[in-house]
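*Asks:* my_file37.txt is reproduced in full below (compact mmCIF, C-alpha atoms).
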# COMPACT_ATOMS: atom_id res chain seq x y z
CA MET A 27 45.92 -48.23 63.87
CA SER A 28 45.75 -51.98 63.17
CA PHE A 29 48.69 -54.19 62.15
CA PRO A 30 48.64 -57.40 60.13
CA ASP A 31 48.45 -60.38 62.35
CA HIS A 32 51.25 -62.86 62.69
CA ALA A 33 49.73 -65.28 60.17
CA THR A 34 49.49 -62.68 57.50
CA GLN A 35 53.06 -61.50 58.00
CA GLU A 36 54.27 -65.07 57.83
CA ALA A 37 52.35 -65.69 54.60
CA VAL A 38 53.81 -62.64 52.97
CA SER A 39 57.31 -63.56 54.04
CA ASN A 40 56.82 -67.06 52.63
CA GLY A 41 55.72 -65.67 49.22
CA GLN A 42 52.13 -66.84 49.59
CA ILE A 43 50.90 -63.20 49.22
CA ASP A 44 52.67 -60.83 46.82
CA GLY A 45 51.85 -57.38 48.21
CA SER A 46 53.57 -55.36 45.49
CA LYS A 47 51.77 -57.34 42.76
CA SER A 48 48.41 -56.75 44.37
CA LEU A 49 48.99 -52.98 44.45
CA GLU A 50 50.19 -53.02 40.86
CA GLN A 51 47.02 -54.81 39.68
CA GLU A 52 44.88 -52.32 41.50
CA SER A 53 46.74 -49.45 39.79
CA ASP A 54 46.24 -51.06 36.35
CA ALA A 55 42.54 -51.44 36.98
CA VAL A 56 42.20 -47.75 37.90
CA THR A 57 44.19 -46.72 34.84
CA GLU A 58 41.99 -48.85 32.53
CA SER A 59 38.84 -47.39 34.10
CA ARG A 60 40.09 -43.86 33.57
CA ARG A 61 41.07 -44.65 29.96
CA ARG A 62 37.57 -45.93 29.18
CA PHE A 63 35.99 -42.89 30.79
CA GLN A 64 38.34 -40.62 28.82
CA THR A 65 37.40 -42.33 25.55
CA THR A 66 33.70 -42.00 26.34
CA ILE A 67 33.79 -38.35 27.36
CA SER A 68 35.95 -37.35 24.39
CA ARG A 69 33.09 -38.24 22.02
CA PHE A 70 31.07 -35.34 23.40
CA SER A 71 33.80 -32.74 23.59
CA PHE A 72 33.55 -29.82 21.12
CA ASN A 73 35.39 -26.60 20.56
CA GLY A 74 32.95 -24.28 18.72
CA SER A 75 32.48 -26.42 15.61
CA VAL A 76 30.07 -29.31 15.33
CA GLY A 77 31.64 -32.69 14.78
CA LYS A 78 35.24 -31.70 15.75
CA GLN A 79 36.45 -33.73 18.72
CA PHE A 80 39.32 -33.07 21.09
CA PRO A 81 41.00 -35.37 23.62
CA VAL A 82 39.99 -34.99 27.24
CA GLN A 83 42.26 -35.28 30.24
CA ILE A 84 41.17 -36.47 33.67
CA VAL A 85 42.36 -34.13 36.39
CA SER A 86 41.28 -34.74 39.96
CA GLY A 87 38.20 -36.58 38.75
CA SER A 88 37.04 -33.73 36.39
CA ALA A 89 36.97 -33.79 32.60
CA ILE A 90 38.58 -30.81 30.82
CA SER A 91 39.63 -30.20 27.22
CA SER A 92 43.28 -30.61 26.36
CA THR A 93 43.09 -27.57 24.04
CA ASN A 94 43.80 -23.99 25.05
CA ASP A 95 40.05 -23.17 25.02
CA ASN A 96 39.12 -21.77 28.42
CA SER A 97 35.40 -22.33 27.97
CA SER A 98 33.52 -24.26 30.61
CA LEU A 99 32.66 -27.93 30.34
CA LYS A 100 29.01 -27.07 29.87
CA SER A 101 29.85 -24.85 26.92
CA SER A 102 32.30 -27.27 25.33
CA SER A 103 29.97 -30.23 25.62
CA THR A 104 26.99 -28.60 23.88
CA SER A 105 25.40 -31.12 21.54
CA PRO A 106 25.30 -30.47 17.78
CA ARG A 107 21.50 -30.25 17.85
CA LYS A 108 21.46 -27.57 20.56
CA ARG A 109 24.25 -25.52 18.98
CA SER A 110 22.53 -25.55 15.61
CA GLY A 111 19.36 -24.32 17.25
CA THR A 112 21.26 -21.54 19.00
CA GLN A 113 22.78 -20.37 15.74
CA GLN A 114 19.34 -20.38 14.12
CA LYS A 115 17.84 -18.24 16.88
CA ARG A 116 20.65 -15.71 16.59
CA SER A 117 20.01 -15.28 12.86
CA LEU A 118 16.37 -14.29 13.39
CA THR A 119 16.96 -10.73 14.55
CA PRO A 120 14.12 -8.17 14.72
CA GLU A 121 15.68 -6.28 11.84
CA ASP A 122 15.64 -9.35 9.59
CA ALA A 123 12.03 -10.10 10.47
CA SER A 124 10.92 -6.54 9.77
CA PRO A 125 8.06 -6.25 7.20
CA SER A 126 10.12 -3.71 5.27
CA LYS A 127 12.76 -6.38 4.72
CA LYS A 128 10.36 -9.20 3.83
CA ALA A 129 7.79 -7.39 1.69
CA LYS A 130 6.80 -3.86 0.91
CA ARG A 131 3.59 -2.71 2.51
CA ARG A 132 1.50 0.10 1.14
CA LYS A 133 1.04 3.11 3.36
CA PRO A 134 -2.53 3.62 4.59
CA ALA A 135 -4.59 6.05 2.52
CA ARG A 136 -4.84 9.58 3.81
CA GLY A 137 -8.12 10.92 5.08
CA TYR A 138 -9.84 14.16 4.20
CA SER A 139 -7.70 17.31 4.13
CA SER A 140 -9.20 20.78 4.16
CA PRO A 141 -8.33 23.21 1.33
CA GLU A 142 -6.11 25.19 3.73
CA VAL A 143 -3.61 22.32 3.88
CA TYR A 144 -2.63 22.77 0.23
CA SER A 145 -3.57 26.44 -0.19
CA HIS A 146 0.04 27.23 -1.10
CA LEU A 147 -0.26 25.18 -4.30
CA SER A 148 -1.61 26.62 -7.56
CA HIS A 149 -4.43 25.20 -9.67
CA LEU A 150 -3.68 23.78 -13.12
CA ASN A 151 -4.82 25.24 -16.42
CA ASP A 152 -6.85 23.07 -18.78
CA CYS A 153 -5.25 21.90 -22.00
CA ILE A 154 -8.28 21.79 -24.30
CA SER A 155 -9.76 23.14 -27.51
CA GLU A 156 -12.94 22.56 -29.51
CA SER A 157 -13.91 19.30 -31.23
CA LEU A 158 -11.11 17.16 -29.86
CA ASP A 159 -11.25 13.39 -30.15
CA ILE A 160 -10.92 12.87 -26.38
CA ILE A 161 -10.85 15.11 -23.33
CA PHE A 162 -9.36 13.27 -20.35
CA CYS A 163 -10.82 14.30 -17.02
CA GLY A 164 -8.54 13.64 -14.07
CA ILE A 165 -9.68 13.63 -10.44
CA ASN A 166 -7.72 16.69 -9.28
CA PRO A 167 -4.16 18.01 -9.55
CA GLY A 168 -1.67 16.00 -7.54
CA GLN A 169 0.83 17.78 -5.34
CA ARG A 170 3.71 17.23 -7.74
CA SER A 171 1.61 18.34 -10.72
CA ALA A 172 0.65 21.55 -8.91
CA GLU A 173 4.27 22.21 -8.01
CA ILE A 174 5.54 21.93 -11.60
CA GLY A 175 2.38 23.31 -13.25
CA HIS A 176 1.67 20.30 -15.50
CA HIS A 177 -0.85 17.45 -15.55
CA PHE A 178 0.06 13.97 -14.29
CA GLY A 179 3.45 15.26 -13.23
CA HIS A 180 4.51 12.66 -10.67
CA PRO A 181 7.16 10.22 -12.03
CA SER A 182 5.18 7.23 -10.73
CA ASN A 183 2.01 8.19 -12.65
CA HIS A 184 1.31 5.93 -15.62
CA PHE A 185 -0.81 8.32 -17.70
CA TRP A 186 1.80 9.29 -20.27
CA LYS A 187 3.04 5.72 -20.55
CA CYS A 188 -0.51 4.44 -21.12
CA LEU A 189 -1.11 7.01 -23.84
CA HIS A 190 1.98 5.91 -25.71
CA LEU A 191 1.70 2.13 -25.23
CA SER A 192 -1.97 2.15 -26.29
CA GLY A 193 -1.14 4.05 -29.50
CA LEU A 194 -3.06 7.23 -28.60
CA THR A 195 0.24 9.10 -28.97
CA LEU A 196 3.03 8.19 -31.38
CA GLU A 197 5.68 8.87 -28.76
CA ARG A 198 5.90 9.17 -25.02
CA ILE A 199 5.13 12.73 -24.04
CA SER A 200 6.70 14.48 -21.07
CA PRO A 201 4.34 16.13 -18.54
CA THR A 202 5.95 19.47 -19.42
CA GLU A 203 4.59 19.02 -22.98
CA ASP A 204 0.99 18.53 -21.88
CA PHE A 205 -0.11 21.76 -23.60
CA THR A 206 0.85 20.28 -27.01
CA LEU A 207 -1.69 17.44 -26.82
CA PRO A 208 -4.67 19.26 -28.44
CA GLU A 209 -2.80 20.33 -31.56
CA ARG A 210 -0.56 17.28 -31.97
CA PHE A 211 -2.91 14.43 -31.03
CA GLN A 212 -6.43 15.87 -30.71
CA LEU A 213 -6.43 15.12 -26.97
CA GLY A 214 -7.27 17.40 -24.05
CA LEU A 215 -6.84 17.53 -20.25
CA THR A 216 -9.00 18.82 -17.40
CA ASN A 217 -10.07 17.81 -13.85
CA ILE A 218 -13.35 17.24 -12.03
CA VAL A 219 -12.02 18.95 -8.84
CA GLU A 220 -9.78 21.99 -9.16
CA ARG A 221 -7.96 22.07 -5.82
CA PRO A 222 -4.73 20.07 -5.52
CA THR A 223 -3.97 17.42 -2.88
CA ALA A 224 -1.24 14.84 -2.36
CA GLU A 225 -3.77 12.01 -2.73
CA ALA A 226 -7.31 11.72 -4.10
CA THR A 227 -8.45 10.17 -0.82
CA GLU A 228 -8.13 13.65 0.72
CA LEU A 229 -11.22 14.75 -1.23
CA ARG A 230 -14.84 14.26 -0.21
CA ASP A 231 -17.50 12.89 -2.54
CA SER A 232 -19.32 16.21 -2.19
CA GLU A 233 -16.41 17.90 -3.97
CA PHE A 234 -16.79 15.51 -6.89
CA LYS A 235 -20.53 16.21 -7.07
CA LYS A 236 -19.91 19.95 -6.91
CA GLY A 237 -17.58 19.67 -9.90
CA ILE A 238 -20.01 17.75 -12.15
CA ALA A 239 -22.07 20.70 -13.38
CA PRO A 240 -19.03 22.84 -14.37
CA PHE A 241 -17.49 19.81 -16.05
CA LEU A 242 -20.62 19.05 -18.12
CA ALA A 243 -20.85 22.72 -19.09
CA LYS A 244 -17.25 22.52 -20.26
CA ILE A 245 -18.04 19.43 -22.35
CA ALA A 246 -21.05 21.21 -23.88
CA ARG A 247 -18.81 24.16 -24.71
CA TYR A 248 -15.88 22.27 -26.28
CA ARG A 249 -17.77 19.23 -27.70
CA PRO A 250 -15.24 16.40 -27.74
CA ARG A 251 -16.21 13.07 -29.24
CA ILE A 252 -15.43 11.30 -25.96
CA ALA A 253 -14.94 12.54 -22.40
CA CYS A 254 -12.88 10.00 -20.46
CA PHE A 255 -12.70 9.94 -16.65
CA ILE A 256 -9.31 8.99 -15.25
CA GLY A 257 -10.48 7.38 -12.03
CA LEU A 258 -13.31 4.91 -11.44
CA ARG A 259 -14.47 6.85 -8.39
CA THR A 260 -15.27 9.80 -10.65
CA GLY A 261 -17.09 7.55 -13.11
CA ARG A 262 -19.32 6.08 -10.39
CA ILE A 263 -20.23 9.46 -8.90
CA VAL A 264 -21.06 10.98 -12.29
CA LEU A 265 -23.17 7.94 -13.27
CA ASP A 266 -25.18 8.21 -10.04
CA HIS A 267 -25.66 11.92 -10.68
CA VAL A 268 -26.90 11.69 -14.27
CA MET A 269 -29.18 8.74 -13.39
CA ARG A 270 -30.50 10.25 -10.15
CA ALA A 271 -34.01 10.74 -11.57
CA ARG A 272 -34.40 7.01 -12.09
CA PRO A 273 -35.27 4.52 -9.33
CA LYS A 274 -32.17 2.77 -8.04
CA SER A 275 -33.49 -0.56 -9.31
CA GLU A 276 -33.54 0.84 -12.85
CA ARG A 277 -30.10 2.45 -12.80
CA PRO A 278 -27.36 0.73 -14.82
CA THR A 279 -24.51 -0.89 -12.92
CA PHE A 280 -21.23 0.96 -13.19
CA SER A 281 -18.34 -0.70 -15.00
CA PRO A 282 -15.14 0.59 -16.64
CA GLY A 283 -15.18 1.46 -20.32
CA LEU A 284 -17.96 3.09 -22.35
CA GLN A 285 -20.69 4.62 -20.18
CA PRO A 286 -24.44 4.30 -20.98
CA TYR A 287 -25.19 8.01 -21.41
CA LYS A 288 -24.34 10.85 -23.78
CA ILE A 289 -24.77 14.55 -24.43
CA ILE A 290 -26.52 15.64 -27.64
CA HIS A 291 -25.26 18.99 -28.88
CA SER A 292 -28.02 21.19 -30.20
CA GLU A 293 -25.86 23.00 -32.72
CA PRO A 294 -22.82 21.77 -34.57
CA SER A 295 -19.48 23.28 -33.77
CA GLY A 296 -18.17 26.10 -35.92
CA HIS A 297 -15.34 23.84 -37.06
CA SER A 298 -15.57 21.98 -40.36
CA GLU A 299 -15.75 18.66 -38.52
CA GLY A 300 -18.57 19.36 -36.08
CA VAL A 301 -19.31 16.88 -33.27
CA SER A 302 -23.02 16.22 -32.75
CA GLU A 303 -22.75 14.17 -29.53
CA THR A 304 -20.27 13.35 -26.79
CA LEU A 305 -19.90 9.90 -25.26
CA PHE A 306 -18.39 9.16 -21.86
CA TYR A 307 -15.73 6.68 -20.84
CA SER A 308 -14.15 5.59 -17.55
CA VAL A 309 -10.75 4.03 -16.85
CA PRO A 310 -8.87 3.43 -13.58
CA SER A 311 -6.71 6.12 -12.05
CA THR A 312 -3.23 6.12 -13.56
CA SER A 313 -1.64 6.86 -10.19
CA GLY A 314 1.08 4.42 -9.20
CA LYS A 315 -0.74 3.93 -5.89
CA THR A 316 -3.87 2.50 -7.56
CA GLN A 317 -4.55 -1.05 -6.38
CA GLY A 318 -6.16 -3.75 -8.49
CA TYR A 319 -4.96 -2.48 -11.88
CA GLN A 320 -1.38 -2.92 -13.07
CA ILE A 321 0.14 -1.12 -16.06
CA PRO A 322 -0.86 -3.85 -18.59
CA ASP A 323 -4.47 -3.67 -17.34
CA LYS A 324 -4.54 0.10 -17.73
CA VAL A 325 -2.93 0.00 -21.16
CA LYS A 326 -5.53 -2.54 -22.30
CA LEU A 327 -8.36 -0.17 -21.34
CA PHE A 328 -6.64 2.76 -23.06
CA ALA A 329 -6.20 0.62 -26.17
CA GLN A 330 -9.92 -0.25 -26.11
CA LEU A 331 -10.67 3.45 -25.85
CA LYS A 332 -8.70 3.99 -29.05
CA VAL A 333 -10.65 1.20 -30.78
CA ASP A 334 -14.01 2.64 -29.68
CA LEU A 335 -12.93 6.09 -30.84
CA LYS A 336 -12.18 4.75 -34.31
CA GLU A 337 -15.54 2.92 -34.42
CA LEU A 338 -17.28 6.15 -33.44
CA LYS A 339 -15.48 8.22 -36.06
CA ASP A 340 -16.22 5.60 -38.71
CA GLY A 341 -19.91 5.60 -37.80
CA ASN A 342 -19.88 1.96 -36.65
CA LEU A 343 -20.60 2.56 -32.95
CA SER A 344 -24.32 2.62 -32.20
CA THR A 345 -25.43 4.94 -29.38
CA GLU A 346 -29.20 4.67 -29.80
CA LYS A 347 -29.75 3.04 -26.42
CA PHE A 348 -27.62 5.52 -24.53
CA VAL A 349 -29.43 7.83 -22.10
CA GLU A 350 -29.39 11.45 -23.21
CA ILE A 351 -28.46 13.87 -20.46
CA PRO A 352 -28.88 17.67 -20.53
CA SER A 353 -25.76 19.70 -21.16
Go ahead and render the structure in this file as structure tokens.

*Replies:*
Amino acid sequence: MSFPDHATQEAVSNGQIDGSKSLEQESDAVTESRRRFQTTISRFSFNGSVGKQFPVQIVSGSAISSTNDNSSLKSSSTSPRKRSGTQQKRSLTPEDASPSKKAKRRKPARGYSSPEVYSHLSHLNDCISESLDIIFCGINPGQRSAEIGHHFGHPSNHFWKCLHLSGLTLERISPTEDFTLPERFQLGLTNIVERPTAEATELRDSEFKKGIAPFLAKIARYRPRIACFIGLRTGRIVLDHVMRARPKSERPTFSPGLQPYKIIHSEPSGHSEGVSETLFYSVPSTSGKTQGYQIPDKVKLFAQLKVDLKELKDGNLSTEKFVEIPS
């Protein structure tokens, strides 16, 4: 241990060096330094809410919050930018980002199903009579239709709505009243394929082709003015069938609406208003699962069908260029 020399002790005793004042100045300097550091660090101190500052105390050279929050310094000094980003990441949970929450996706179409799959369901009876204005030909009975025993029976099917909104029926008919269509509105119902399925995609094209001959025989028997396919797939397959004798380059291109062929009936019907020929029409499927055609699009085609029917009945629709097919 060293001691102040004699000269230093003498200077202090003579008042030349004020020891207590020197220590006091040093203490003030340390206090000022700590105050500045406290002011600086307090700007970055947070307690869970951005922008809210709390005083900071200096204890043994460490900065801690003066609040009762026991969080660590690292947590309490998180910058506003980082905390905002953390909150944003927490809000993007897998459940929120799920496609079912953002937008509805259609289920993939079903593939072919053998007849055994729906063998427990019954076939539907036709609702037809002779010399009707229109016989509508559906694809096949849907599962719901087969269960209740009536055509176009699923609540999401637009058939009955399209009939009413287009003016083909004066009121909206319930599926359970399908059998009243021939007498009340001169409309009939049948299908190209008899066996029921949940979706039309469960049928093969060969089943459509197999049903063409019985369908045409039915048209020859009942002689409606127009036979209208409910389903463009049916319309395409029937067009290819009736034009099969022609080279592909000479076959007409399929499109919705009035088809370019007809059946000429050899003898008039026994009814007073005999029908001498039947024209063919095609509109999209009225299933709610049909893509590309919304209800207004379907109603527009049904309304055009009504217009063409009136033109035909008034004798103003020329069919001279239509291809005659055997019945």

*Asks:* Counting all atoms listed in the file, which residues have an atom no more than 12 Å from (-10.0, 12.3, -20.9) in the file's coordinates? Please list them as a VMD selection string.

*Replies:* chain A and resid 152 to 154 158 to 165 177 185 189 194 207 to 208 212 to 218 241 245 250 to 257 260 to 261 304 to 312 328 331 to 332

*Asks:* Take the residues just selected and output them with C-alpha atoms as an mmCIF file, in the frame of the given file.

*Replies:*
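Dumped to part.cif:
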data_model
loop_
_atom_site.group_PDB
_atom_site.id
_atom_site.type_symbol
_atom_site.label_atom_id
_atom_site.label_comp_id
_atom_site.auth_asym_id
_atom_site.auth_seq_id
_atom_site.Cartn_x
_atom_site.Cartn_y
_atom_site.Cartn_z
ATOM 1 C CA ASP A 152 -6.850 23.070 -18.780
ATOM 2 C CA CYS A 153 -5.250 21.900 -22.000
ATOM 3 C CA ILE A 154 -8.280 21.790 -24.300
ATOM 4 C CA LEU A 158 -11.110 17.160 -29.860
ATOM 5 C CA ASP A 159 -11.250 13.390 -30.150
ATOM 6 C CA ILE A 160 -10.920 12.870 -26.380
ATOM 7 C CA ILE A 161 -10.850 15.110 -23.330
ATOM 8 C CA PHE A 162 -9.360 13.270 -20.350
ATOM 9 C CA CYS A 163 -10.820 14.300 -17.020
ATOM 10 C CA GLY A 164 -8.540 13.640 -14.070
ATOM 11 C CA ILE A 165 -9.680 13.630 -10.440
ATOM 12 C CA HIS A 177 -0.850 17.450 -15.550
ATOM 13 C CA PHE A 185 -0.810 8.320 -17.700
ATOM 14 C CA LEU A 189 -1.110 7.010 -23.840
ATOM 15 C CA LEU A 194 -3.060 7.230 -28.600
ATOM 16 C CA LEU A 207 -1.690 17.440 -26.820
ATOM 17 C CA PRO A 208 -4.670 19.260 -28.440
ATOM 18 C CA GLN A 212 -6.430 15.870 -30.710
ATOM 19 C CA LEU A 213 -6.430 15.120 -26.970
ATOM 20 C CA GLY A 214 -7.270 17.400 -24.050
ATOM 21 C CA LEU A 215 -6.840 17.530 -20.250
ATOM 22 C CA THR A 216 -9.000 18.820 -17.400
ATOM 23 C CA ASN A 217 -10.070 17.810 -13.850
ATOM 24 C CA ILE A 218 -13.350 17.240 -12.030
ATOM 25 C CA PHE A 241 -17.490 19.810 -16.050
ATOM 26 C CA ILE A 245 -18.040 19.430 -22.350
ATOM 27 C CA PRO A 250 -15.240 16.400 -27.740
ATOM 28 C CA ARG A 251 -16.210 13.070 -29.240
ATOM 29 C CA ILE A 252 -15.430 11.300 -25.960
ATOM 30 C CA ALA A 253 -14.940 12.540 -22.400
ATOM 31 C CA CYS A 254 -12.880 10.000 -20.460
ATOM 32 C CA PHE A 255 -12.700 9.940 -16.650
ATOM 33 C CA ILE A 256 -9.310 8.990 -15.250
ATOM 34 C CA GLY A 257 -10.480 7.380 -12.030
ATOM 35 C CA THR A 260 -15.270 9.800 -10.650
ATOM 36 C CA GLY A 261 -17.090 7.550 -13.110
ATOM 37 C CA THR A 304 -20.270 13.350 -26.790
ATOM 38 C CA LEU A 305 -19.900 9.900 -25.260
ATOM 39 C CA PHE A 306 -18.390 9.160 -21.860
ATOM 40 C CA TYR A 307 -15.730 6.680 -20.840
ATOM 41 C CA SER A 308 -14.150 5.590 -17.550
ATOM 42 C CA VAL A 309 -10.750 4.030 -16.850
ATOM 43 C CA PRO A 310 -8.870 3.430 -13.580
ATOM 44 C CA SER A 311 -6.710 6.120 -12.050
ATOM 45 C CA THR A 312 -3.230 6.120 -13.560
ATOM 46 C CA PHE A 328 -6.640 2.760 -23.060
ATOM 47 C CA LEU A 331 -10.670 3.450 -25.850
ATOM 48 C CA LYS A 332 -8.700 3.990 -29.050
#

*Asks:* Please report the interatomic distance between CA of Asn151 in chain A and CA of His176 in chain A in Å with one decimal.

*Replies:*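 One can read the CA of Asn151 in chain A to CA of His176 in chain A distance as 8.2 Å.
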
*Asks:* Please, what distance in Å, to one decimal, runs between CA of Ser344 in chain A and CA of Ile290 in chain A?

*Replies:*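 The value is 14.0 Å.
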
*Asks:* Rank nothing, just name the residue among A:Arg262, A:Arg210, A:Lys244, A:Arg230 nearest to Pro278 in chain A, using only C-alpha atoms.

*Replies:*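 Of A:Arg262, A:Arg210, A:Lys244, A:Arg230, the one nearest Pro278 in chain A is A:Arg262, counting only C-alpha atoms.
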
*Asks:* Excluding Asp266 in chain A and residues on its chain fewer than 6 positions from it, collect all residues at most 10 Å away from it, counting only C-alpha atoms, and give them as a list in words.

*Replies:* Lys235, Arg272, Lys274, Arg277, Pro278, Thr279 and Phe280 of chain A

*Asks:* When you draw a straight line from CA of His149 in chain A to CA of Pro282 in chain A, how long is it in Å?

*Replies:* 27.7 Å
